[in-house]
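What follows is a short report on a single structure.
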Amino acid sequence: MTAVPVPRQPSQSPDTDGGSSPSDITPVFALKELVSRLHREQNKIQDLLSSLGFALRSFKNLNQFLELTPLIASRVTDADGGALVLFKPNGQMRLERLHCQDSHQCHDIRKALETATRQLTASTVPSPGKVVVPFSNLTTALDHHVSHSLGSEIQLFGTAILAKNTERGRLYVFSRDPDYAWTETRQKLVRLVADQTAVAIENDELTVELRKKERLDRELEIGAEIQHQLLPRQCPQIKGIELAARCQTANRVGGDYYDFIPANYDQIRPRKTGRGEPGRWSIAIGDVMGKGVPAGLIMTMLRGMLRAEVLNGHSPARILQHLNHVMYGDLENSNRFVTLFYSEFDPATRTLSYSNAAHHPPLLWQAATNTIKRLDTLGMLIGLDMDTRYHDAHVELNPGDTIIYYTDGFTDAANQSGSRFDEENLIQAFQWACHHCDGPQGVLDHLFNQVQQFIGVDRHNDDDMTLIVLQMSPAE
């Protein structure tokens, strides 16, 4: 803003009647008018900036705020107009908004600015034999193009719009008045408007990210709900054994899996008698490498395929063989694999047949000898090797025998010092529970409590934890 010189006050001579001459009044009046005009201009600037601040707080639509940016910038500096140019993430740019006091000149100025941005955008697109303008030089190149397009008769000032330490565009203000000067005060006012614009852009991006997060959270809630519904709602009643199971996910959607599957169609529809089913039942536990939605999707796919295979009546090793063949094509490029322990219990013979695809072997506590045995067979992860072979094994269970199926969330659980719970601690806790806990639910609760105490009562395990407890009923 150009300072207006204050008129120098002439020397005064006393009047005989004590009054003042007209030459005495004129300098005082001029000074008062100057102060009054400066005060009005200051109030106008404050009102305009306050309006911009109100828009920043109130507008929910970024485009509405951007409409005001060149208008306010030109008004607070008494310029003829302003223009807002925004940069896109790919280095391209566009004339976002333009304001001109003279509508007849607006067409020519728009054409000049669009020509400048179009030429510079074209220079950022690589092609054979063309020198590409580096992104770091966009600002200098844009200022040059805009100044050249508008012509030398335009008094132009441009400043950066910085959001998150990245230049997101340029705010230009211009005047055709040959006596117009870009004083330091006017430059500061333009930068202030540019800073407000940058805040509006950041707020809009944060709002968009928040909405994306809310949608993702909702999708995760739906995924977790679907996954929860796919896991067994309760343990089935099977003749000769008692069961307890729990899946505790680290995230809302997890990669752990367990299932109880009847071996034939007649057992799918639950009976109203409440008595245990006489047929064979499959008991499976698995773990998809990784967590979150991708692991949850693979787990869902695994569940459907395994249930279809069980109804074919093959041996455990044959079922894992077929499952590996089917899933190999889907998993080989995903860098995700599945560990799976599959078993079948026959109430008539009290025999558990099983096969393992690189899952943590279940632990069998034999009541008669007070010893613990690992139930394991050779076999690679599901989806790792098309030609891997799986093997069958079986064990006869006696009254009181107890088996725990578990995922690596138990043995990998770490405390604050970084020590892991490991298998030895799990074996000790399991053996204690077999002597002192009442039924499979008591054993399950005790093992979960032991892990929680190990990692800390106020801490959360970083991995999913799934546990199945199978206990043979006492001899009748």
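Labels for the structure tokens follow display order: chains A, B, ..., residues from 1 in each chain, ligands from 1.
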
> Can you list every residue in stretch 116-322 of chain A that DSSP puts in strand (DSSP E or B), as a ChimeraX atom specification?
Replying inline: /A:155-163,166-175,238,241-248,256-262,277,281-288

> Contacts of A:Leu66 at 9 Å or less, counting only C-alpha atoms, minus same-chain residues fewer than 4 places along, as a list of chain:residue names?
Replying inline: A:Leu62, A:Pro70, A:Leu84, A:Glu96, A:Arg97, A:Thr197, A:Ala200

> Can you list, as a ChimeraX atom specification, every protein, DNA or RNA residue that comes within 8 Å of A:Ser353 when you count only C-alpha atoms, leaving out same-chain residues fewer than 2 positions away?
Replying inline: /A:316,343-345,351,355,392-395

Export of the given selection (C-alpha atoms) as a CSV table (one decimal), in the first residue's frame:
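The new file again31.csv reads:
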```csv
chain,number,residue,atom,x,y,z
A,316,PRO,CA,-7.2,-86.9,6.3
A,343,SER,CA,-8.4,-84.7,12.2
A,344,GLU,CA,-11.4,-87.1,12.4
A,345,PHE,CA,-12.8,-88.6,15.5
A,351,THR,CA,-9.8,-93.3,17.4
A,355,SER,CA,-2.8,-85.4,9.0
A,392,ASP,CA,-2.0,-90.3,7.8
A,393,ALA,CA,-1.6,-91.2,11.4
A,394,HIS,CA,-4.0,-92.2,14.2
A,395,VAL,CA,-4.2,-92.6,18.0
```

>> Could you pull out the alpha helix (DSSP H) residues of stretch 297-390 of chain A, going by DSSP on the backbone, and write them as an NGL selection string?
In response: :A and (297-310 or 316-331)
